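J.: File work.tsv follows (TSV, C-alpha atoms):
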chain	number	residue	atom	x	y	z
A	1	MET	CA	-26.60	21.67	-22.14
A	2	THR	CA	-28.21	18.53	-20.77
A	3	LYS	CA	-26.74	16.27	-23.45
A	4	TYR	CA	-23.24	17.68	-22.88
A	5	PHE	CA	-23.60	17.13	-19.15
A	6	LEU	CA	-24.69	13.54	-19.73
A	7	LEU	CA	-21.79	13.05	-22.14
A	8	ILE	CA	-19.33	14.29	-19.50
A	9	ILE	CA	-20.83	11.97	-16.90
A	10	PHE	CA	-20.61	9.06	-19.35
A	11	LEU	CA	-16.95	9.79	-20.15
A	12	MET	CA	-16.14	10.10	-16.44
A	13	LEU	CA	-17.70	6.70	-15.79
A	14	ILE	CA	-15.72	5.15	-18.63
A	15	TRP	CA	-12.53	6.68	-17.26
A	16	GLY	CA	-13.24	5.69	-13.66
A	17	PHE	CA	-14.24	2.09	-14.30
A	18	PHE	CA	-12.22	1.08	-17.35
A	19	ILE	CA	-9.13	3.28	-17.63
A	20	GLU	CA	-7.80	4.77	-14.40
A	21	PRO	CA	-7.92	1.52	-12.35
A	22	HIS	CA	-5.51	-0.01	-14.89
A	23	LEU	CA	-3.00	2.84	-14.84
A	24	ILE	CA	0.07	2.76	-12.60
A	25	ILE	CA	2.34	5.71	-11.95
A	26	ILE	CA	5.75	5.75	-10.25
A	27	LYS	CA	5.63	8.17	-7.33
A	28	LYS	CA	9.06	9.23	-6.03
A	29	TYR	CA	9.92	10.61	-2.59
A	30	LYS	CA	13.29	11.79	-1.33
A	31	THR	CA	14.80	10.62	1.95
A	32	ASN	CA	18.07	11.16	3.80
A	33	PHE	CA	18.78	7.88	5.61
A	34	LEU	CA	18.92	5.10	3.00
A	35	ASN	CA	22.66	5.21	2.35
A	36	ARG	CA	22.29	5.11	-1.44
A	37	LYS	CA	19.76	2.30	-1.33
A	38	LYS	CA	16.46	2.39	-3.21
A	39	ILE	CA	13.26	1.13	-1.63
A	40	VAL	CA	10.01	0.40	-3.42
A	41	PHE	CA	6.80	0.57	-1.37
A	42	VAL	CA	3.59	-1.01	-2.62
A	43	SER	CA	0.24	-1.76	-1.02
A	44	ASP	CA	-3.39	-2.72	-1.55
A	45	PHE	CA	-3.07	-5.09	-4.49
A	46	HIS	CA	-6.60	-6.56	-4.16
A	47	ILE	CA	-6.00	-9.20	-6.80
A	48	SER	CA	-9.17	-10.77	-8.21
A	49	LYS	CA	-9.41	-14.16	-9.93
A	50	ASN	CA	-8.97	-12.49	-13.32
A	51	ASP	CA	-6.12	-10.22	-12.22
A	52	LYS	CA	-3.13	-12.51	-12.70
A	53	GLY	CA	-1.91	-10.39	-15.61
A	54	ARG	CA	-2.21	-7.20	-13.55
A	55	LEU	CA	-0.13	-8.70	-10.75
A	56	GLN	CA	2.51	-9.84	-13.25
A	57	ARG	CA	2.61	-6.29	-14.63
A	58	ILE	CA	3.03	-4.89	-11.11
A	59	VAL	CA	5.96	-7.22	-10.48
A	60	LYS	CA	7.60	-6.17	-13.76
A	61	LEU	CA	7.20	-2.50	-12.85
A	62	ILE	CA	8.68	-3.13	-9.40
A	63	ASN	CA	11.68	-4.89	-10.93
A	64	ALA	CA	12.09	-2.08	-13.45
A	65	GLN	CA	12.89	0.28	-10.56
A	66	ASN	CA	15.91	-1.88	-9.62
A	67	PRO	CA	15.15	-1.67	-5.89
A	68	ASP	CA	17.44	-2.88	-3.13
A	69	LEU	CA	14.39	-3.67	-0.99
A	70	VAL	CA	10.63	-3.91	-1.50
A	71	ILE	CA	8.19	-3.16	1.32
A	72	SER	CA	4.51	-4.08	1.09
A	73	GLY	CA	1.62	-2.68	3.11
A	74	GLY	CA	-0.49	-5.78	2.51
A	75	ASP	CA	-4.05	-6.37	1.28
A	76	TYR	CA	-3.31	-8.91	-1.40
A	77	ILE	CA	-6.83	-10.31	-1.10
A	78	LYS	CA	-9.84	-9.06	-3.05
A	79	GLY	CA	-13.12	-8.94	-1.16
A	80	HIS	CA	-14.01	-10.17	2.29
A	81	THR	CA	-14.70	-13.88	1.91
A	82	GLY	CA	-12.13	-15.15	-0.58
A	83	THR	CA	-14.69	-16.02	-3.25
A	84	VAL	CA	-13.52	-13.41	-5.75
A	85	THR	CA	-9.79	-13.31	-5.06
A	86	LEU	CA	-6.92	-15.03	-6.83
A	87	PRO	CA	-5.75	-17.62	-4.25
A	88	ILE	CA	-2.88	-16.24	-2.22
A	89	GLU	CA	-0.76	-19.27	-3.14
A	90	GLU	CA	-0.97	-18.29	-6.82
A	91	GLN	CA	-0.25	-14.67	-5.99
A	92	ALA	CA	2.79	-15.67	-3.97
A	93	ILE	CA	4.29	-17.55	-6.92
A	94	ILE	CA	4.10	-14.39	-9.03
A	95	LEU	CA	5.39	-12.19	-6.21
A	96	SER	CA	8.39	-14.50	-5.79
A	97	GLU	CA	9.64	-13.13	-9.13
A	98	ILE	CA	10.47	-9.80	-7.49
A	99	LYS	CA	14.25	-9.46	-7.77
A	100	ALA	CA	14.86	-7.94	-4.34
A	101	PRO	CA	14.16	-8.89	-0.73
A	102	VAL	CA	10.49	-8.32	0.13
A	103	VAL	CA	9.15	-7.44	3.58
A	104	SER	CA	5.42	-7.19	4.20
A	105	VAL	CA	2.74	-6.47	6.75
A	106	LEU	CA	-0.81	-7.73	6.27
A	107	GLY	CA	-4.00	-5.77	5.65
A	108	ASN	CA	-7.57	-6.04	6.82
A	109	HIS	CA	-8.68	-8.03	3.75
A	110	ASP	CA	-5.83	-10.47	4.36
A	111	GLY	CA	-7.06	-10.85	7.93
A	112	TRP	CA	-10.69	-11.39	6.94
A	113	TYR	CA	-9.54	-14.02	4.43
A	114	ASP	CA	-7.10	-15.90	6.69
A	115	ARG	CA	-4.02	-14.01	7.78
A	116	TYR	CA	-2.11	-17.14	8.72
A	117	ARG	CA	-2.78	-18.69	5.33
A	118	VAL	CA	-1.58	-15.46	3.70
A	119	LYS	CA	1.48	-15.35	5.93
A	120	LYS	CA	2.34	-18.99	5.19
A	121	ALA	CA	2.02	-18.54	1.42
A	122	LEU	CA	4.10	-15.36	1.36
A	123	GLU	CA	6.83	-16.81	3.54
A	124	LYS	CA	6.99	-19.91	1.34
A	125	ALA	CA	7.72	-17.49	-1.53
A	126	GLY	CA	10.56	-15.92	0.46
A	127	ILE	CA	8.64	-12.84	1.63
A	128	LYS	CA	9.18	-11.86	5.26
A	129	VAL	CA	5.91	-11.09	7.04
A	130	LEU	CA	5.99	-8.82	10.08
A	131	LEU	CA	3.34	-9.14	12.80
A	132	ASN	CA	4.44	-6.73	15.55
A	133	SER	CA	8.01	-7.69	14.74
A	134	SER	CA	11.05	-6.45	12.85
A	135	VAL	CA	13.78	-7.54	10.49
A	136	LYS	CA	17.11	-6.04	9.49
A	137	GLU	CA	17.73	-5.68	5.76
A	138	GLY	CA	21.25	-4.49	5.12
A	139	ASP	CA	21.73	-1.68	7.63
A	140	ILE	CA	18.03	-0.72	7.84
A	141	TYR	CA	15.56	-2.09	10.36
A	142	ILE	CA	12.02	-2.63	9.09
A	143	ALA	CA	9.37	-2.90	11.83
A	144	GLY	CA	5.79	-3.88	11.04
A	145	VAL	CA	2.61	-3.83	13.09
A	146	GLU	CA	-0.51	-5.93	12.78
A	147	ASP	CA	-3.58	-4.50	11.07
A	148	MET	CA	-5.82	-2.41	13.32
A	149	GLN	CA	-9.09	-4.07	12.22
A	150	THR	CA	-8.10	-7.72	12.20
A	151	GLY	CA	-5.10	-7.82	14.54
A	152	SER	CA	-3.65	-6.10	17.58
A	153	PRO	CA	-0.97	-3.59	16.57
A	154	ASN	CA	1.82	-3.27	19.12
A	155	ILE	CA	4.23	-0.52	18.16
A	156	GLU	CA	6.52	-1.09	21.13
A	157	ALA	CA	6.90	-4.79	20.33
A	158	ALA	CA	7.50	-4.08	16.64
A	159	LEU	CA	10.28	-1.58	17.41
A	160	GLU	CA	11.89	-3.66	20.15
A	161	ASN	CA	15.61	-4.22	19.58
A	162	THR	CA	15.67	-2.01	16.49
A	163	GLU	CA	18.17	0.77	15.85
A	164	PHE	CA	18.39	3.70	13.45
A	165	PRO	CA	17.84	3.86	10.58
A	166	ARG	CA	14.43	2.26	10.97
A	167	ILE	CA	11.14	2.26	9.11
A	168	LEU	CA	7.79	1.45	10.69
A	169	VAL	CA	5.18	-0.13	8.40
A	170	SER	CA	1.46	-0.09	9.14
A	171	HIS	CA	-1.33	-1.10	6.80
A	172	THR	CA	-3.35	1.94	7.87
A	173	PRO	CA	-2.20	5.54	8.49
A	174	ASP	CA	-4.54	5.75	11.50
A	175	ILE	CA	-1.67	4.58	13.67
A	176	TYR	CA	0.28	7.80	13.04
A	177	TYR	CA	-0.38	9.67	16.29
A	178	ASP	CA	0.14	6.50	18.34
A	179	VAL	CA	3.81	6.32	17.34
A	180	LYS	CA	5.59	7.95	20.27
A	181	GLU	CA	9.08	6.67	19.50
A	182	ASP	CA	11.22	8.29	16.84
A	183	VAL	CA	11.54	6.49	13.54
A	184	ASP	CA	13.02	7.61	10.25
A	185	LEU	CA	9.81	6.97	8.32
A	186	ILE	CA	6.33	5.51	8.67
A	187	LEU	CA	4.82	3.81	5.61
A	188	ALA	CA	1.10	3.11	5.24
A	189	GLY	CA	-1.59	2.36	2.67
A	190	HIS	CA	-5.18	1.14	3.05
A	191	VAL	CA	-7.00	4.32	2.00
A	192	HIS	CA	-6.48	4.03	-1.80
A	193	GLY	CA	-6.17	7.81	-2.04
A	194	GLY	CA	-9.89	7.85	-1.35
A	195	GLN	CA	-10.34	5.85	-4.58
A	196	VAL	CA	-12.82	8.43	-5.91
A	197	ARG	CA	-11.69	12.04	-5.48
A	198	VAL	CA	-13.88	14.95	-6.54
A	199	PRO	CA	-11.93	18.02	-7.74
A	200	PHE	CA	-11.90	20.87	-5.17
A	201	TYR	CA	-13.49	18.58	-2.56
A	202	GLY	CA	-11.40	15.51	-2.09
A	203	ALA	CA	-12.32	11.90	-1.52
A	204	LEU	CA	-15.96	11.02	-1.07
A	205	LEU	CA	-15.17	8.22	1.35
A	206	VAL	CA	-11.89	7.41	3.10
A	207	PRO	CA	-11.63	4.35	5.38
A	208	SER	CA	-9.86	6.33	8.10
A	209	ILE	CA	-10.93	7.90	11.39
A	210	TYR	CA	-9.23	11.06	10.10
A	211	GLY	CA	-11.24	11.25	6.88
A	212	ASN	CA	-9.42	12.99	4.03
A	213	LYS	CA	-6.50	14.03	6.21
A	214	PHE	CA	-4.24	11.07	5.47
A	215	SER	CA	-5.72	9.97	2.14
A	216	GLY	CA	-2.35	9.87	0.38
A	217	GLY	CA	0.93	11.73	0.28
A	218	ASP	CA	3.72	12.98	2.53
A	219	TYR	CA	2.98	14.06	6.11
A	220	LYS	CA	4.94	15.40	9.07
A	221	GLU	CA	2.69	16.56	11.89
A	222	THR	CA	4.79	14.92	14.60
A	223	PRO	CA	8.57	14.37	14.81
A	224	ASN	CA	7.94	11.38	12.52
A	225	ARG	CA	7.40	11.60	8.78
A	226	MET	CA	4.73	9.40	7.18
A	227	ILE	CA	4.20	8.51	3.54
A	228	VAL	CA	0.81	7.08	2.57
A	229	THR	CA	0.50	5.38	-0.80
A	230	LYS	CA	-2.67	5.43	-2.90
A	231	GLY	CA	-2.11	1.73	-3.48
A	232	LEU	CA	-2.66	-0.41	-6.54
A	233	GLY	CA	-6.11	-1.96	-6.47
A	234	THR	CA	-9.74	-1.20	-5.72
A	235	SER	CA	-12.17	-2.19	-3.01
A	236	ILE	CA	-15.98	-2.53	-3.02
A	237	LEU	CA	-16.37	-1.02	-6.50
A	238	GLY	CA	-13.78	-1.47	-9.25
A	239	VAL	CA	-13.49	2.25	-9.79
A	240	ARG	CA	-10.84	4.93	-9.34
A	241	PHE	CA	-11.18	8.59	-10.17
A	242	ASN	CA	-8.45	11.17	-9.56
A	243	ALA	CA	-6.62	8.58	-7.45
A	244	VAL	CA	-4.32	6.82	-9.91
A	245	PRO	CA	-2.73	3.56	-8.66
A	246	GLU	CA	0.91	4.01	-7.76
A	247	ILE	CA	4.20	2.39	-6.92
A	248	VAL	CA	6.23	4.44	-4.45
A	249	VAL	CA	10.00	4.78	-4.84
A	250	LEU	CA	12.16	6.04	-1.97
A	251	GLU	CA	15.67	7.37	-2.59
A	252	ASP	CA	18.08	9.70	-0.82
A	253	ASN	CA	18.58	13.23	-2.08
Rewrite the coordinates I just gave you, this time as structure tokens.
T.:
Amino acid sequence: MTKYFLLIIFLMLIWGFFIEPHLIIIKKYKTNFLNRKKIVFVSDFHISKNDKGRLQRIVKLINAQNPDLVISGGDYIKGHTGTVTLPIEEQAIILSEIKAPVVSVLGNHDGWYDRYRVKKALEKAGIKVLLNSSVKEGDIYIAGVEDMQTGSPNIEAALENTEFPRILVSHTPDIYYDVKEDVDLILAGHVHGGQVRVPFYGALLVPSIYGNKFSGGDYKETPNRMIVTKGLGTSILGVRFNAVPEIVVLEDN
């Protein structure tokens, strides 16, 4: 029995470190306010110096969905200091190949790296970066708040002068109960689906004050609906288990 147990552990490690982190699924959610438009939501890229090919693959998969708009939850940067990440300027060149307007907020890793450098590089590539502000794309308002760890999120300022339909974007789902105004949808990332999820238990560690509660999926515990993506990359350890990277697609019924 011992050798079979060790074999299972070995295979799980192989899967978690070398296979699942490189998978990407397309996760679809239905909405009722997009007026026949299709939105792609992505987050938590965490692109390392050797990840240029992975980012190019992500861009190809985004384009393959033929979106009218792409929304990003941020965290392009790998690590905390910038020593292991692909420079944001190089990432931005690849991201500029997305064949739809792109709107983004920034994540905690972007902030630790240099959020103004990230913002400048993304905007040079034509990506609109929201820091407690909003933009109108077609007939939809997209409002975005600053990251909770490295910025000062201001929901009221982000939603100022917006009308319905409107989407609020936050890097982290922890903002959910703070949203007192009605919005059509809240989009968030950050938690990576827990990154390592044990069957029948859930994620071992979720970077959220709510633990497993908002680790990924579709939620409606207030008048506002929130969708939390499991994201695309990894943090701390390059491992995923039972939390496959995903690209979210939003379409009306």
J.: Excluding A:Lys52 and any residue of its chain fewer than 3 positions from it, enumerate the residues within 10 Å of it, using all atoms listed in the file, and give them as a ChimeraX atom specification.
T.: /A:47-49,55-58,86,90-91,94
J.: Write out as JSON, numbers by chain each polymer residue whose atoms come within 10 Å of stretch 29-42 of chain A, counting all atoms listed in the file; drop sequence neighbours fewer than 4 positions from it.
T.: {"A": [58, 62, 63, 65, 66, 67, 68, 69, 70, 71, 72, 73, 74, 100, 102, 103, 104, 138, 139, 140, 164, 165, 166, 169, 184, 185, 187, 188, 189, 217, 218, 227, 228, 229, 230, 231, 232, 245, 246, 247, 248, 249, 250, 251, 252, 253]}
J.: Do a neighbour search on A:Asp174 at 12 Å with all atoms listed in the file, toss out local chain neighbours closer than 2 positions, and write the hits as a PDB file with C-alpha atoms, in the frame of the given file.
T.:
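Saved result, selection-v4.pdb, follows:
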ATOM      1  CA  ASP A 147      -3.580  -4.500  11.070  1.00  0.00           C
ATOM      2  CA  MET A 148      -5.820  -2.410  13.320  1.00  0.00           C
ATOM      3  CA  GLN A 149      -9.090  -4.070  12.220  1.00  0.00           C
ATOM      4  CA  PRO A 153      -0.970  -3.590  16.570  1.00  0.00           C
ATOM      5  CA  VAL A 169       5.180  -0.130   8.400  1.00  0.00           C
ATOM      6  CA  SER A 170       1.460  -0.090   9.140  1.00  0.00           C
ATOM      7  CA  HIS A 171      -1.330  -1.100   6.800  1.00  0.00           C
ATOM      8  CA  THR A 172      -3.350   1.940   7.870  1.00  0.00           C
ATOM      9  CA  TYR A 176       0.280   7.800  13.040  1.00  0.00           C
ATOM     10  CA  TYR A 177      -0.380   9.670  16.290  1.00  0.00           C
ATOM     11  CA  ASP A 178       0.140   6.500  18.340  1.00  0.00           C
ATOM     12  CA  VAL A 179       3.810   6.320  17.340  1.00  0.00           C
ATOM     13  CA  ILE A 186       6.330   5.510   8.670  1.00  0.00           C
ATOM     14  CA  LEU A 187       4.820   3.810   5.610  1.00  0.00           C
ATOM     15  CA  ALA A 188       1.100   3.110   5.240  1.00  0.00           C
ATOM     16  CA  GLY A 189      -1.590   2.360   2.670  1.00  0.00           C
ATOM     17  CA  HIS A 190      -5.180   1.140   3.050  1.00  0.00           C
ATOM     18  CA  VAL A 191      -7.000   4.320   2.000  1.00  0.00           C
ATOM     19  CA  VAL A 206     -11.890   7.410   3.100  1.00  0.00           C
ATOM     20  CA  PRO A 207     -11.630   4.350   5.380  1.00  0.00           C
ATOM     21  CA  SER A 208      -9.860   6.330   8.100  1.00  0.00           C
ATOM     22  CA  ILE A 209     -10.930   7.900  11.390  1.00  0.00           C
ATOM     23  CA  TYR A 210      -9.230  11.060  10.100  1.00  0.00           C
ATOM     24  CA  GLY A 211     -11.240  11.250   6.880  1.00  0.00           C
ATOM     25  CA  ASN A 212      -9.420  12.990   4.030  1.00  0.00           C
ATOM     26  CA  LYS A 213      -6.500  14.030   6.210  1.00  0.00           C
ATOM     27  CA  PHE A 214      -4.240  11.070   5.470  1.00  0.00           C
ATOM     28  CA  SER A 215      -5.720   9.970   2.140  1.00  0.00           C
ATOM     29  CA  MET A 226       4.730   9.400   7.180  1.00  0.00           C
ATOM     30  CA  VAL A 228       0.810   7.080   2.570  1.00  0.00           C
TER      31      VAL A 228
END
J.: Quick one: residues within 12 Å of A:Lys180, only C-alpha atoms counted, chain neighbours fewer than 3 positions away excluded, as a list of chain:residue names?
T.: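 Residues meeting the cut-off are A:Asn154, A:Ile155, A:Glu156, A:Leu159, A:Leu168, A:Ile175, A:Tyr176, A:Tyr177, A:Val183, A:Ile186, A:Thr222, A:Pro223, A:Asn224.
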J.: At a cut-off of 10 Å from (-12.7, -10.5, -5.0) in the coordinates of the file, what residues are picked up using all atoms listed in the file, written as a list in words?
T.: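 Collected hits near the coordinates: His46, Ile47, Ser48, Lys49, Asn50, Asp51, Ile77, Lys78, Gly79, His80, Thr81, Gly82, Thr83, Val84, Thr85, Leu86, Pro87, His109, Thr234, Ser235 and Ile236 of chain A.
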J.: Extract, using only C-alpha atoms, all DNA, RNA and protein residues at most 6 Å from A:Ile142, discarding same-chain residues fewer than 6 positions from it, and format them as a list in words.
T.: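 Residues near the query, excluding close chain neighbours: Ser134, Val135, Arg166 and Ile167 of chain A.
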J.: Could you turn the residues from that selection into a file that holds C-alpha atoms, as an mmCIF file, in the frame of the given file?
T.:
data_model
loop_
_atom_site.group_PDB
_atom_site.id
_atom_site.type_symbol
_atom_site.label_atom_id
_atom_site.label_comp_id
_atom_site.auth_asym_id
_atom_site.auth_seq_id
_atom_site.Cartn_x
_atom_site.Cartn_y
_atom_site.Cartn_z
ATOM 1 C CA SER A 134 11.050 -6.450 12.850
ATOM 2 C CA VAL A 135 13.780 -7.540 10.490
ATOM 3 C CA ARG A 166 14.430 2.260 10.970
ATOM 4 C CA ILE A 167 11.140 2.260 9.110
#
J.: What are the centre and edge lengths in Å, to one decimal, of the axis-aligned box around all listed atoms of stretch 194-210 of chain A with 8 Å added on each side, as JSON?
T.:
{"center_x": -12.6, "center_y": 12.6, "center_z": 1.8, "size_x": 22.7, "size_y": 32.5, "size_z": 35.1}
J.: For the atom pair atom CA of A:Glu97 and atom CA of A:Leu61, what is the interatomic distance in Å to one decimal place?
T.: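 Value for the atom CA of A:Glu97-atom CA of A:Leu61 distance: 11.5 Å.
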J.: Of the residues A:Tyr76, A:Phe45, A:Phe17, A:Tyr113, which is the one nearest to A:Gly238, using only C-alpha atoms?
T.: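 For A:Gly238, the nearest of the given residues is A:Phe17.
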J.: Using the partial input, fill out stretch 166-184 of chain A with N, CA and C atoms; write the result as a short mmCIF file (atom, residue, chain, number, x, y, z; two decimals), in the frame of the given file.
T.:
data_model
loop_
_atom_site.label_atom_id
_atom_site.label_comp_id
_atom_site.auth_asym_id
_atom_site.auth_seq_id
_atom_site.Cartn_x
_atom_site.Cartn_y
_atom_site.Cartn_z
N ARG A 166 15.53 3.22 10.87
CA ARG A 166 14.43 2.26 10.97
C ARG A 166 13.15 2.82 10.39
N ILE A 167 12.41 1.93 9.75
CA ILE A 167 11.14 2.26 9.11
C ILE A 167 10.05 1.46 9.79
N LEU A 168 8.94 2.12 10.12
CA LEU A 168 7.79 1.45 10.69
C LEU A 168 6.71 1.33 9.63
N VAL A 169 6.20 0.12 9.42
CA VAL A 169 5.18 -0.13 8.40
C VAL A 169 3.87 -0.50 9.06
N SER A 170 2.81 0.19 8.66
CA SER A 170 1.46 -0.09 9.14
C SER A 170 0.53 -0.14 7.94
N HIS A 171 -0.40 -1.07 7.94
CA HIS A 171 -1.33 -1.10 6.80
C HIS A 171 -2.11 0.21 6.72
N THR A 172 -2.53 0.74 7.86
CA THR A 172 -3.35 1.94 7.87
C THR A 172 -2.59 3.14 8.44
N PRO A 173 -2.85 4.34 7.93
CA PRO A 173 -2.20 5.54 8.49
C PRO A 173 -2.80 5.96 9.83
N ASP A 174 -3.89 5.34 10.25
CA ASP A 174 -4.54 5.75 11.50
C ASP A 174 -3.66 5.55 12.72
N ILE A 175 -2.58 4.83 12.56
CA ILE A 175 -1.67 4.58 13.67
C ILE A 175 -0.73 5.76 13.94
N TYR A 176 -0.74 6.75 13.05
CA TYR A 176 0.28 7.80 13.04
C TYR A 176 0.50 8.45 14.41
N TYR A 177 -0.53 8.95 15.03
CA TYR A 177 -0.38 9.67 16.29
C TYR A 177 -0.06 8.75 17.47
N ASP A 178 -0.19 7.45 17.27
CA ASP A 178 0.14 6.50 18.34
C ASP A 178 1.62 6.19 18.40
N VAL A 179 2.37 6.60 17.38
CA VAL A 179 3.81 6.32 17.34
C VAL A 179 4.54 7.37 18.15
N LYS A 180 4.93 7.01 19.36
CA LYS A 180 5.59 7.95 20.27
C LYS A 180 7.11 7.90 20.15
N GLU A 181 7.64 6.79 19.68
CA GLU A 181 9.08 6.67 19.50
C GLU A 181 9.49 7.25 18.16
N ASP A 182 10.72 7.73 18.09
CA ASP A 182 11.22 8.29 16.84
C ASP A 182 11.56 7.18 15.85
N VAL A 183 11.15 7.37 14.63
CA VAL A 183 11.54 6.49 13.54
C VAL A 183 11.93 7.37 12.36
N ASP A 184 12.62 6.81 11.41
CA ASP A 184 13.02 7.61 10.25
C ASP A 184 11.85 7.83 9.30
#
